[in-house]
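A.B. asks: I am sharing protein.cif, which consists of mmCIF, C-alpha atoms:
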data_input
#
loop_
_atom_site.label_atom_id
_atom_site.label_comp_id
_atom_site.auth_asym_id
_atom_site.auth_seq_id
_atom_site.Cartn_x
_atom_site.Cartn_y
_atom_site.Cartn_z
CA MET A 2 -14.24 -288.64 21.08
CA LYS A 3 -10.57 -288.82 21.94
CA ALA A 4 -9.87 -290.31 25.37
CA ARG A 5 -8.48 -287.87 27.89
CA PRO A 6 -4.89 -288.75 28.84
CA GLU A 7 -4.14 -289.82 32.39
CA PHE A 8 -3.02 -286.85 34.48
CA GLU A 9 0.40 -288.49 34.98
CA VAL A 10 1.00 -288.15 31.24
CA LEU A 11 0.66 -284.37 31.57
CA VAL A 12 3.05 -284.36 34.51
CA ASP A 13 5.67 -286.28 32.52
CA ALA A 14 5.22 -284.16 29.42
CA HIS A 15 5.10 -280.68 30.94
CA SER A 16 6.50 -280.49 34.47
CA ALA A 17 10.04 -279.59 33.33
CA GLU A 18 8.96 -276.72 31.10
CA ILE A 19 6.43 -275.41 33.63
CA PHE A 20 9.22 -275.47 36.23
CA ALA A 21 11.45 -273.48 33.86
CA TYR A 22 8.60 -271.02 33.34
CA VAL A 23 7.88 -270.38 37.03
CA TRP A 24 11.61 -270.34 37.73
CA ARG A 25 11.97 -267.52 35.19
CA MET A 26 8.94 -265.75 36.64
CA LEU A 27 10.09 -266.01 40.27
CA ARG A 28 13.88 -266.21 39.86
CA GLU A 29 14.21 -268.22 43.04
CA THR A 30 14.48 -272.01 43.17
CA ALA A 31 12.64 -272.83 46.40
CA ASP A 32 9.77 -270.53 45.43
CA ALA A 33 9.67 -272.06 41.96
CA GLU A 34 9.49 -275.57 43.46
CA ASP A 35 6.51 -274.55 45.61
CA CYS A 36 4.87 -272.83 42.70
CA LEU A 37 5.31 -275.92 40.51
CA GLN A 38 3.65 -278.12 43.14
CA GLU A 39 0.76 -275.70 43.62
CA THR A 40 0.26 -275.44 39.89
CA PHE A 41 -0.01 -279.19 39.36
CA LEU A 42 -2.09 -279.76 42.49
CA ARG A 43 -4.58 -277.17 41.25
CA ALA A 44 -4.48 -278.73 37.81
CA TYR A 45 -5.04 -282.19 39.29
CA ARG A 46 -8.16 -281.01 41.12
CA ALA A 47 -9.54 -279.23 38.08
CA TYR A 48 -8.61 -281.91 35.55
CA PRO A 49 -11.79 -284.03 35.81
CA ARG A 50 -13.87 -280.97 34.86
CA LEU A 51 -11.62 -279.83 32.02
CA ASN A 52 -13.00 -280.00 28.48
CA GLY A 53 -11.44 -283.00 26.74
CA GLN A 54 -10.60 -280.89 23.67
CA ALA A 55 -8.58 -278.35 25.65
CA ASN A 56 -4.98 -277.41 24.88
CA TYR A 57 -3.51 -279.05 27.99
CA ARG A 58 -0.15 -277.33 27.71
CA ALA A 59 -1.66 -273.83 27.48
CA TRP A 60 -4.07 -274.70 30.29
CA LEU A 61 -1.13 -275.63 32.55
CA TYR A 62 0.57 -272.34 31.67
CA LYS A 63 -2.60 -270.52 32.64
CA ILE A 64 -2.65 -272.11 36.10
CA ALA A 65 1.11 -271.55 36.47
CA THR A 66 0.74 -267.87 35.53
CA ASN A 67 -1.95 -267.35 38.15
CA THR A 68 -0.04 -269.29 40.80
CA ALA A 69 3.13 -267.31 40.09
CA ARG A 70 1.14 -264.09 40.46
CA THR A 71 0.05 -265.17 43.94
CA HIS A 72 3.66 -265.96 44.85
CA LEU A 73 4.90 -262.62 43.58
CA LYS A 74 2.21 -260.74 45.52
CA ARG A 75 3.06 -262.64 48.68
CA ARG A 76 6.71 -261.83 48.18
CA ALA A 77 6.02 -258.14 47.52
CA ARG A 78 4.13 -257.95 50.81
CA SER A 79 6.76 -259.75 52.86
CA THR A 80 10.04 -258.32 51.59
CA GLU A 81 11.67 -255.30 50.16
CA ARG A 82 12.36 -255.50 46.49
CA LEU A 83 14.97 -258.21 45.96
CA THR A 84 16.73 -256.73 42.99
CA ASP A 85 17.57 -253.25 44.17
CA LEU A 86 20.78 -252.17 42.61
CA ASP A 87 23.73 -252.85 44.81
CA PRO A 88 25.54 -249.49 45.16
CA GLU A 89 28.81 -251.38 45.48
CA LEU A 90 28.42 -252.48 41.92
CA LEU A 91 28.06 -248.96 40.66
CA HIS A 92 30.96 -247.31 42.40
CA THR A 93 33.92 -249.54 42.13
CA ASP A 94 37.03 -249.51 40.03
CA SER A 95 37.06 -253.25 39.58
CA PRO A 96 39.32 -254.26 36.72
CA LEU A 97 36.78 -256.86 35.76
CA THR A 98 34.81 -254.36 33.75
CA ASP A 99 33.14 -256.98 31.58
CA GLU A 100 31.92 -258.82 34.59
CA LEU A 101 30.87 -255.55 36.20
CA ASP A 102 29.05 -254.54 33.06
CA ARG A 103 27.27 -257.83 32.98
CA LYS A 104 26.20 -257.51 36.60
CA GLN A 105 24.98 -253.97 36.13
CA THR A 106 22.99 -254.90 33.06
CA LEU A 107 21.52 -257.90 34.83
CA ALA A 108 20.50 -255.83 37.84
CA ALA A 109 19.01 -253.15 35.60
CA ILE A 110 16.97 -255.56 33.48
CA ALA A 111 15.81 -257.53 36.51
CA HIS A 112 14.65 -254.29 38.05
CA ALA A 113 12.97 -253.14 34.85
CA VAL A 114 11.11 -256.43 34.44
CA GLU A 115 9.71 -256.11 37.94
CA THR A 116 7.98 -252.91 37.00
CA LEU A 117 6.00 -254.65 34.23
CA PRO A 118 2.39 -255.61 34.75
CA HIS A 119 2.12 -259.34 35.47
CA GLN A 120 0.39 -260.17 32.16
CA GLN A 121 3.10 -258.44 30.16
CA ARG A 122 5.97 -260.12 31.95
CA ALA A 123 4.25 -263.51 31.62
CA ALA A 124 3.54 -262.97 27.91
CA LEU A 125 7.13 -261.94 27.21
CA ILE A 126 8.62 -264.99 28.95
CA MET A 127 6.15 -267.40 27.36
CA ARG A 128 6.77 -266.01 23.89
CA ASN A 129 10.53 -265.48 23.92
CA TYR A 130 11.81 -268.13 26.34
CA GLN A 131 9.14 -270.86 26.59
CA GLU A 132 8.37 -271.05 22.88
CA LEU A 133 4.62 -270.71 23.19
CA SER A 134 2.53 -269.66 20.20
CA TYR A 135 0.28 -266.61 20.46
CA PRO A 136 -2.90 -268.74 20.44
CA ALA A 137 -1.46 -270.70 23.40
CA ILE A 138 -0.47 -267.50 25.22
CA ALA A 139 -4.00 -266.20 24.66
CA VAL A 140 -5.36 -269.32 26.42
CA ALA A 141 -2.83 -268.95 29.23
CA LEU A 142 -3.69 -265.29 29.81
CA ASP A 143 -7.39 -265.77 29.14
CA CYS A 144 -7.35 -263.04 26.50
CA THR A 145 -7.58 -262.70 22.71
CA GLU A 146 -4.64 -263.51 20.48
CA ALA A 147 -4.35 -259.81 19.59
CA ALA A 148 -4.18 -258.93 23.28
CA ALA A 149 -1.47 -261.58 23.77
CA ARG A 150 0.59 -259.93 21.01
CA ALA A 151 -0.07 -256.51 22.49
CA ASN A 152 1.18 -257.70 25.88
CA VAL A 153 4.53 -258.80 24.41
CA TYR A 154 4.78 -255.59 22.38
CA GLN A 155 4.04 -253.38 25.37
CA ALA A 156 6.49 -255.30 27.56
CA LEU A 157 9.34 -254.79 25.09
CA LYS A 158 8.45 -251.14 24.56
CA LYS A 159 8.44 -250.42 28.28
CA LEU A 160 11.64 -252.30 28.93
CA ARG A 161 13.43 -250.49 26.15
CA ALA A 162 12.32 -247.13 27.51
CA LYS A 163 13.33 -248.14 31.00
CA MET A 164 16.75 -249.40 29.96
CA THR A 165 17.43 -246.24 27.93
CA GLU A 166 16.43 -243.98 30.77
CA ASP A 167 18.56 -245.95 33.27
CA GLY A 168 21.53 -246.53 31.00
CA MET B 26 -7.39 -254.65 16.30
CA THR B 27 -4.08 -254.21 14.49
CA ASN B 28 -1.34 -256.76 14.59
CA HIS B 29 1.53 -255.35 16.52
CA GLN B 30 5.00 -255.77 15.21
CA GLN B 31 7.74 -256.31 17.71
CA PRO B 32 9.38 -252.95 18.45
CA THR B 33 12.39 -252.39 16.22
CA THR B 34 15.11 -254.72 17.35
CA SER B 35 17.09 -253.42 20.21
CA PRO B 36 20.25 -255.51 20.53
CA ARG B 37 21.01 -254.09 23.94
CA LEU B 38 17.58 -255.00 25.30
CA ASN B 39 17.67 -258.46 23.77
CA GLU B 40 21.10 -259.08 25.25
CA ALA B 41 19.94 -257.90 28.65
CA LEU B 42 16.85 -260.12 28.50
CA ASP B 43 18.97 -263.08 27.47
CA LEU B 44 21.24 -262.47 30.46
CA LEU B 45 18.19 -262.70 32.67
CA TYR B 46 16.23 -265.46 30.98
CA ALA B 47 18.15 -267.41 28.34
CA VAL B 48 19.61 -269.84 30.84
CA GLY B 49 16.84 -271.75 32.56
CA PRO B 50 17.07 -273.80 35.74
CA SER B 51 19.80 -276.45 35.82
CA GLU B 52 18.98 -280.05 34.99
CA SER B 53 19.64 -281.11 38.57
CA SER B 54 17.33 -278.51 40.09
CA THR B 55 14.64 -279.45 37.54
CA THR B 56 14.97 -283.10 38.52
CA ARG B 57 14.79 -282.20 42.20
CA ALA B 58 11.67 -280.09 41.61
CA GLN B 59 10.04 -282.95 39.67
CA VAL B 60 10.76 -285.46 42.44
CA LYS B 61 9.16 -283.14 45.01
CA LEU B 62 6.22 -282.58 42.68
CA ARG B 63 5.60 -286.32 42.32
CA GLU B 64 5.70 -286.71 46.10
CA ALA B 65 3.17 -283.91 46.59
CA LEU B 66 0.89 -285.38 43.93
CA ALA B 67 1.12 -288.86 45.44
CA VAL B 68 -0.09 -287.48 48.78
CA ALA B 69 -3.04 -285.77 47.07
CA GLN B 70 -3.86 -288.83 44.98
CA ALA B 71 -3.79 -291.12 48.03
CA ARG B 72 -6.62 -289.06 49.52
CA ASP B 73 -8.78 -288.79 46.43
CA VAL B 74 -11.80 -290.98 45.91
CA PHE B 75 -13.32 -292.12 42.63
CA TYR B 76 -16.66 -293.83 42.15
CA ASP B 77 -18.93 -295.27 39.53
CA LEU B 78 -22.25 -297.03 39.49
CA LEU B 79 -24.05 -299.97 38.01
CA PRO B 80 -27.48 -298.49 37.17
CA SER B 81 -29.27 -301.79 37.43
CA SER B 82 -28.54 -305.18 38.92
CA PRO B 83 -30.66 -307.87 40.59
CA ILE B 84 -30.43 -305.83 43.82
CA GLY B 85 -30.95 -302.44 42.15
CA ALA B 86 -28.38 -299.72 41.46
CA VAL B 87 -24.97 -300.50 42.94
CA LEU B 88 -22.32 -297.88 43.65
CA VAL B 89 -18.65 -298.39 44.39
CA ALA B 90 -16.04 -295.90 45.61
CA MET B 91 -12.31 -296.38 45.81
CA ASN B 92 -9.00 -294.68 46.41
CA VAL B 93 -5.48 -295.78 45.42
CA ARG B 94 -5.41 -298.36 48.22
CA GLY B 95 -8.63 -300.11 47.37
CA VAL B 96 -12.41 -300.14 47.67
CA ILE B 97 -13.66 -297.88 50.47
CA ALA B 98 -17.41 -298.00 49.96
CA VAL B 99 -20.11 -300.06 48.27
CA GLY B 100 -23.68 -298.83 48.26
CA PHE B 101 -27.08 -300.02 47.12
CA GLY B 102 -30.62 -298.99 47.94
CA ILE B 103 -29.27 -295.43 48.01
CA THR B 104 -29.22 -292.56 45.49
CA GLU B 105 -26.00 -291.49 43.79
CA ARG B 106 -26.18 -288.08 45.46
CA ALA B 107 -26.62 -289.57 48.94
CA PHE B 108 -23.82 -292.05 48.34
CA VAL B 109 -21.37 -289.36 47.21
CA ALA B 110 -22.32 -287.10 50.12
CA ALA B 111 -21.81 -289.94 52.61
CA VAL B 112 -18.41 -290.88 51.15
CA GLN B 113 -17.35 -287.25 51.12
CA ARG B 114 -18.41 -286.81 54.74
CA LYS B 115 -16.58 -289.93 55.87
CA THR B 116 -13.34 -289.37 53.97
CA GLY B 117 -13.17 -285.58 53.74
CA ALA B 118 -11.82 -286.18 50.23
CA VAL B 119 -12.76 -284.97 46.78
CA VAL B 120 -15.12 -287.60 45.34
CA THR B 121 -15.17 -287.75 41.55
CA ARG B 122 -17.01 -290.07 39.19
CA SER B 123 -14.47 -292.02 37.16
CA PRO B 124 -15.63 -295.05 35.17
CA GLN B 125 -11.95 -295.57 34.34
CA LYS B 126 -10.64 -295.82 37.91
CA ALA B 127 -13.62 -297.74 39.25
CA ALA B 128 -13.79 -300.10 36.27
CA ALA B 129 -12.25 -303.22 37.84
CA ALA B 130 -14.36 -303.01 41.00
CA LEU B 131 -17.54 -302.37 39.07
CA ARG B 132 -16.88 -305.23 36.65
CA GLN B 133 -16.30 -307.68 39.48
CA LEU B 134 -19.49 -306.57 41.24
CA ARG B 135 -21.49 -306.97 38.03
CA GLU B 136 -20.04 -310.42 37.43
CA TYR B 137 -20.68 -311.45 41.00
CA LEU B 138 -24.29 -310.26 41.05
CA THR B 139 -25.06 -312.03 37.78
CA GLY B 140 -23.54 -315.29 39.00
CA LYS B 141 -20.44 -315.16 36.80
CA ARG B 142 -17.93 -314.70 39.60
CA VAL B 143 -17.57 -316.63 42.83
CA ALA B 144 -15.08 -314.49 44.75
CA PHE B 145 -13.70 -310.95 44.71
CA ASP B 146 -10.15 -310.17 43.89
CA LEU B 147 -10.13 -306.56 45.09
CA PRO B 148 -8.09 -304.73 47.71
CA VAL B 149 -10.20 -302.93 50.30
CA ASP B 150 -9.13 -299.90 52.28
CA LEU B 151 -10.45 -299.99 55.82
CA SER B 152 -8.02 -297.41 57.19
CA LEU B 153 -10.90 -295.17 58.29
CA GLN B 154 -12.19 -297.94 60.53
CA THR B 155 -11.11 -298.55 64.12
CA ASN B 156 -8.92 -301.52 64.99
CA PHE B 157 -11.88 -303.47 66.29
CA GLN B 158 -13.96 -302.72 63.20
CA GLN B 159 -11.10 -303.84 60.96
CA GLN B 160 -10.72 -307.11 62.87
CA VAL B 161 -14.43 -307.84 62.56
CA LEU B 162 -14.56 -306.98 58.86
CA PHE B 163 -11.45 -308.98 57.98
CA ALA B 164 -12.83 -311.95 59.93
CA ALA B 165 -16.10 -311.71 57.99
CA ARG B 166 -14.15 -311.69 54.74
CA GLU B 167 -12.74 -315.12 55.62
CA ILE B 168 -16.15 -316.80 55.59
CA PRO B 169 -16.21 -318.90 52.42
CA ARG B 170 -18.96 -318.58 49.85
CA GLY B 171 -21.92 -320.82 50.54
CA GLU B 172 -21.27 -320.89 54.27
CA ILE B 173 -22.58 -318.84 57.12
CA ALA B 174 -21.33 -317.80 60.54
CA THR B 175 -22.97 -316.25 63.59
CA TYR B 176 -22.07 -312.99 65.30
CA THR B 177 -20.75 -315.07 68.16
CA ASP B 178 -18.52 -317.07 65.80
CA ILE B 179 -16.92 -313.86 64.59
CA ALA B 180 -16.56 -312.55 68.14
CA ARG B 181 -14.74 -315.77 69.09
CA ARG B 182 -12.56 -315.69 66.02
CA ILE B 183 -11.20 -312.27 66.91
CA GLY B 184 -10.66 -313.28 70.55
CA ARG B 185 -13.54 -311.22 71.96
CA PRO B 186 -16.11 -313.96 72.69
CA LYS B 187 -18.41 -311.64 74.61
CA ALA B 188 -18.52 -308.97 71.92
CA ALA B 189 -21.20 -310.56 69.68
CA ARG B 190 -23.45 -307.51 69.96
CA ALA B 191 -20.60 -305.12 69.07
CA VAL B 192 -19.72 -307.39 66.14
CA GLY B 193 -23.31 -307.07 64.93
CA GLN B 194 -23.03 -303.27 65.13
CA VAL B 195 -19.87 -303.24 63.07
CA LEU B 196 -21.27 -305.54 60.40
CA ARG B 197 -24.45 -303.47 60.10
CA GLN B 198 -22.18 -300.53 59.24
CA ASN B 199 -19.92 -302.51 56.92
CA PRO B 200 -18.65 -299.84 54.47
CA VAL B 201 -18.00 -302.41 51.72
CA PRO B 202 -20.92 -304.85 51.74
CA ILE B 203 -20.91 -307.71 49.21
CA VAL B 204 -17.13 -307.34 48.77
CA ILE B 205 -16.82 -308.09 52.48
CA PRO B 206 -19.66 -310.61 52.83
CA CYS B 207 -21.33 -309.47 56.03
CA HIS B 208 -24.48 -311.09 54.63
CA ARG B 209 -22.91 -314.46 55.55
CA VAL B 210 -23.17 -313.57 59.22
CA LEU B 211 -26.44 -314.42 60.95
CA ALA B 212 -27.86 -314.26 64.44
CA ALA B 213 -27.37 -317.29 66.65
CA ASP B 214 -30.96 -318.43 65.97
CA GLY B 215 -30.31 -318.35 62.24
CA SER B 216 -32.54 -315.32 61.57
CA LEU B 217 -31.39 -312.83 59.00
CA ARG B 218 -31.69 -309.71 61.16
CA GLY B 219 -31.33 -306.30 59.60
CA TYR B 220 -29.10 -305.84 56.60
CA LEU B 221 -27.88 -302.39 55.59
CA GLY B 222 -29.94 -300.36 53.16
CA GLY B 223 -31.38 -303.26 51.20
CA GLY B 224 -32.93 -305.00 54.19
CA THR B 225 -33.28 -308.69 54.83
CA LYS B 226 -34.64 -309.34 51.32
CA THR B 227 -31.27 -308.49 49.78
CA LYS B 228 -29.45 -310.52 52.40
CA ALA B 229 -31.60 -313.56 51.61
CA TRP B 230 -31.12 -313.02 47.87
CA LEU B 231 -27.31 -312.89 48.21
CA LEU B 232 -27.25 -316.07 50.32
CA LYS B 233 -29.44 -317.83 47.79
CA LEU B 234 -27.15 -316.69 44.96
CA GLU B 235 -24.25 -318.26 46.82
CA GLY B 236 -26.11 -321.45 47.49
CA ALA B 237 -26.02 -321.12 51.28
CA ARG B 238 -28.28 -323.41 53.26
CA ALA B 239 -29.70 -320.84 55.64
CA GLY B 240 -32.01 -317.95 54.87
#
Would you write out, as structure tokens, the structure that this file holds?
C.D. replies:
Amino acid sequence: MKARPEFEVLVDAHSAEIFAYVWRMLRETADAEDCLQETFLRAYRAYPRLNGQANYRAWLYKIATNTARTHLKRRARSTERLTDLDPELLHTDSPLTDELDRKQTLAAIAHAVETLPHQQRAALIMRNYQELSYPAIAVALDCTEAAARANVYQALKKLRAKMTEDG
Amino acid sequence: MTNHQQPTTSPRLNEALDLLYAVGPSESSTTRAQVKLREALAVAQARDVFYDLLPSSPIGAVLVAMNVRGVIAVGFGITERAFVAAVQRKTGAVVTRSPQKAAAALRQLREYLTGKRVAFDLPVDLSLQTNFQQQVLFAAREIPRGEIATYTDIARRIGRPKAARAVGQVLRQNPVPIVIPCHRVLAADGSLRGYLGGGTKTKAWLLKLEGARAG
């Protein structure tokens, strides 16, 4: 049987990409730092009981996804939605129309993404921006590979509808 | 279940998503997050305890527990379950069996008990002990192999000549017996007195192994 790597090896190999993942999920640096620490502390505690044949990377994404969910719930309870459209942006004759356009699009997509179910948002980010395979996403979301694909599909479908209706 | 295709490409949606997600965190904020992560992990790791056991030795099963600072407990004449529970209770830490992390300590104990090693080269962590307990235990560690001291000797050595009885109490509760050789400390009349879980038989056996005169 293959020897299980020291936990520090996993930290070196995956902490940067897990940080990028939770940063994309939370869109706030201090929150992402906390979430990264919680993810790896949970992983550290669970590591001795983890099956030695496990996909360590996907397993870390699974813990990160759950930890990010807790952070997002906490945030939803404690604050108003962060990405409400700024009315200033919509009613101004700024000559910087490109920049304005960019800001409006960004606000609209950020808003649209927030309406997605957690699994769908996580699946979309893992697939399109973290370069995870569907089998790995299935491990991370604790679902079948088909369900992982369906989550990405549904996310894109909903976002497209949302952006069309808003734009 | 059918394989879903991605919905027909929507350049506008892809552009919008890229605006939101294509650029990840900066290198400097990633580095900062990793530094903080390592600090948080170091704090957790400093608390954690790992143990392993030698199923059989001349004095029966021997267990050893350690953290990053050193050995915190040695047990014999006790079941694995009772040992783990006691260590957990004393440290409040997660106690996990790890032949890897306890390997050096276990190897030295095995060598010592089979006569292949004369002294231990292991750090011990006595930070859960009081100042007085630490003084007594460190004084006991200084007694060379093959020699013995009395409780009064130890009391004198730590500058508390009247504390022989308290010294005896501390040594009876030595958390790391064998590694700290409390078995080399005898009553003033040379009798073995009580010795931890194993009783006076183990104490006599250890002294004989070391070639001490008394016993």
A.B. asks: Taking all atoms listed in the file into account, name the residue in A:Arg5, A:His72, A:Lys163, A:Arg150 that is nearest to chain B.
C.D. replies: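 Result for the nearest residue to chain B: A:Arg150.
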A.B. asks: Residues of chain B within 10 Å of chain A, counting only C-alpha atoms, what are they? List them as number ranges by chain.
C.D. replies: B: 26-35, 37-52, 54-59, 61-66, 69-70, 73, 119, 121-123, 125
A.B. asks: Measuring atom to atom with all atoms listed in the file, identify which of A:Arg128, A:Gln120, A:Ala69, A:Trp60 is nearest to A:Val140.
C.D. replies: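 The closest residue to A:Val140 is A:Trp60.
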A.B. asks: Would you write out, as a ChimeraX atom specification, every residue that the PyMOL selection byres ((chain B and resi 138) around 9) captures in this file?
C.D. replies: /B:82-84,133-137,139-142,231,234
A.B. asks: Return the padded bounding box of stretch 184-195 of chain B as lines of an AutoDock Vina configuration file: axis-aligned, built from all atoms listed in the file, 6 Å added on each side, with centre and edge lengths in Å to one decimal.
C.D. replies:
center_x = -17.1
center_y = -308.6
center_z = 68.8
size_x = 24.8
size_y = 22.7
size_z = 23.5
A.B. asks: For atom CA of B:Pro148 and atom CA of B:Gly95, quote the distance in Å rounded to one decimal.
C.D. replies: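 Between atom CA of B:Pro148 and atom CA of B:Gly95 the gap is 4.7 Å.
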